[in-house]
Amino acid sequence: MVPGNQTQFTEFILLRFSEKPNEEGPLFGLFLGMYLITVLGNLLIMLVIGSDSHLHTPMYFFLSNLSFVDICMVSTTVPKMLLSILTQNKAISYAGCLAQIYFFLLFVCLDNMLLTAMAYDRFVAICHPLRYAAIMSPQLCSLLVMFSWIISFLNSLIHCLNVTRLSFCTDHEIQHFFCDLAEVLKLSCSDILFNYIFIYFVAGLLGILPLTGIIFSYSQICSSILKIPSAQGKYKAFSTCGSHLSVVSLFYGTEFGVYLSSSATHSSWKSTVASAMYAVVTPMLNPFIYTLRNKDIKDALRRHKSDFPKVQL
């Protein structure tokens, strides 16, 4: 596929973080390390949840899906960057750039939707504990995940179709380490007003509405926890949603940081660093949050550790 009427246009140039050759080695090691930690950490969570019957609950069903999405999201951008450093080839084809845009938007939207579903799960568990099993049935959990995938697929597809109608001029250099939608739109010599209108509309619909749902859920959760008479009961109730609240704060905090950096500064380097925090660092930290702050995951890891055969020296 080639854009619009620019039939000779076939690729973009990703400028990454640095143009200095002596900085690319440390960058390669840093991002390779973060990528491996992200993949292995989230795989560990998926394996522990899948193999431990104590974790076959709605909350951990959503968490295993979130871990899978985090692996996919970081795999959309980082391997291409590492390959370009190794080969010293910064080019990415037009079709490859569209694919990056599509899958990155898909998995970011899925992260958002799954975090909202997890907030609803915690709301039902704490505010309606006697009806929890009836409300959060396996059928409802599957429907919520399926709905999240469908909405995310459609969102990404429409964004990419809107990009295909654009023509691009002589400047093909993307000031980023991956094909970020906003950076690609800056290179277009077509009218991109409709693209921005759609971006802000979707941001309001799929960004603000889920966040509002999460805030409402936690306002009800806090209200219910304050009604618990004992301090131990309050701590036990809040500890069940502490990990999720930390991940939500990290996700929306870095997302808001990307928005502020892109609107408040013209420095492409600062925007790229903010995007790296959002696209790479957040998926890497999620497994640490759930293993260090979640008692059920830690207990499951201890149980599996005790199952390993001891080696006699």
# chains A, B, ... in the order shown; residues from 1 in each chain; ligands from 1

$ residues_around --residues "segment 289-304 of chain A" --least-positions-apart "3" --cutoff "12 Å" --atoms "only C-alpha atoms" --output "JSON, numbers by chain"
{"A": [41, 42, 44, 45, 46, 47, 48, 49, 50, 51, 52, 53, 54, 55, 56, 57, 59, 60, 63, 64, 66, 67, 236, 238, 239, 240, 241, 242, 243, 244, 245, 246, 247, 248, 249, 250, 282, 283, 284, 285, 286, 307, 308, 309]}

$ residues_around --residues "segment 174-180 of chain A" --least-positions-apart "2" --cutoff "6 Å" --atoms "only C-alpha atoms" --output "PyMOL selection string"
chain A and resi 13-16+77+97+101+182-183+272

$ atom_distance --atom1 "atom CA of Leu27 of chain A" --atom2 "atom CA of Glu11 of chain A"
23.8 Å

$ closest_residue --among "A:Ile150, A:Val108, A:Leu144, A:Leu181" --to "Asn162 of chain A" --atoms "only C-alpha atoms"
A:Leu181

$ closest_residue --among "A:Asn195, A:Ser152, A:Gln139, A:Ser93" --to "Leu166 of chain A" --atoms "only C-alpha atoms"
A:Asn195

$ select_by_dssp --residues "segment 189-242 of chain A" --states "alpha helix (DSSP H)" --output "VMD selection string"
chain A and resid 193 to 203 209 to 226 231 to 242

$ atom_distance --atom1 "atom CA of Met113 of chain A" --atom2 "atom CA of Ser148 of chain A"
5.7 Å

$ closest_residue --among "A:Leu106, A:Leu32, A:Ala134, A:Leu43" --to "Leu83 of chain A" --atoms "only C-alpha atoms"
A:Leu32

$ residues_around --residues "Met34 of chain A" --least-positions-apart "3" --cutoff "8 Å" --atoms "only C-alpha atoms" --output "list in words"
Leu30, Phe31, Ile37, Thr38, Val280, Val281 and Met284 of chain A

$ residues_around --residues "Tyr132 of chain A" --least-positions-apart "5" --cutoff "10 Å" --atoms "only C-alpha atoms" --output "VMD selection string"
chain A and resid 58 121 to 127 137

$ residues_around --residues "Pro210 of chain A" --least-positions-apart "4" --cutoff "12 Å" --atoms "only C-alpha atoms" --output "MDAnalysis selection string"
chainID A and resid 109:120 148 202:206 214:217 248 252

$ atom_distance --atom1 "atom CA of Cys72 of chain A" --atom2 "atom CA of Pro26 of chain A"
24.0 Å
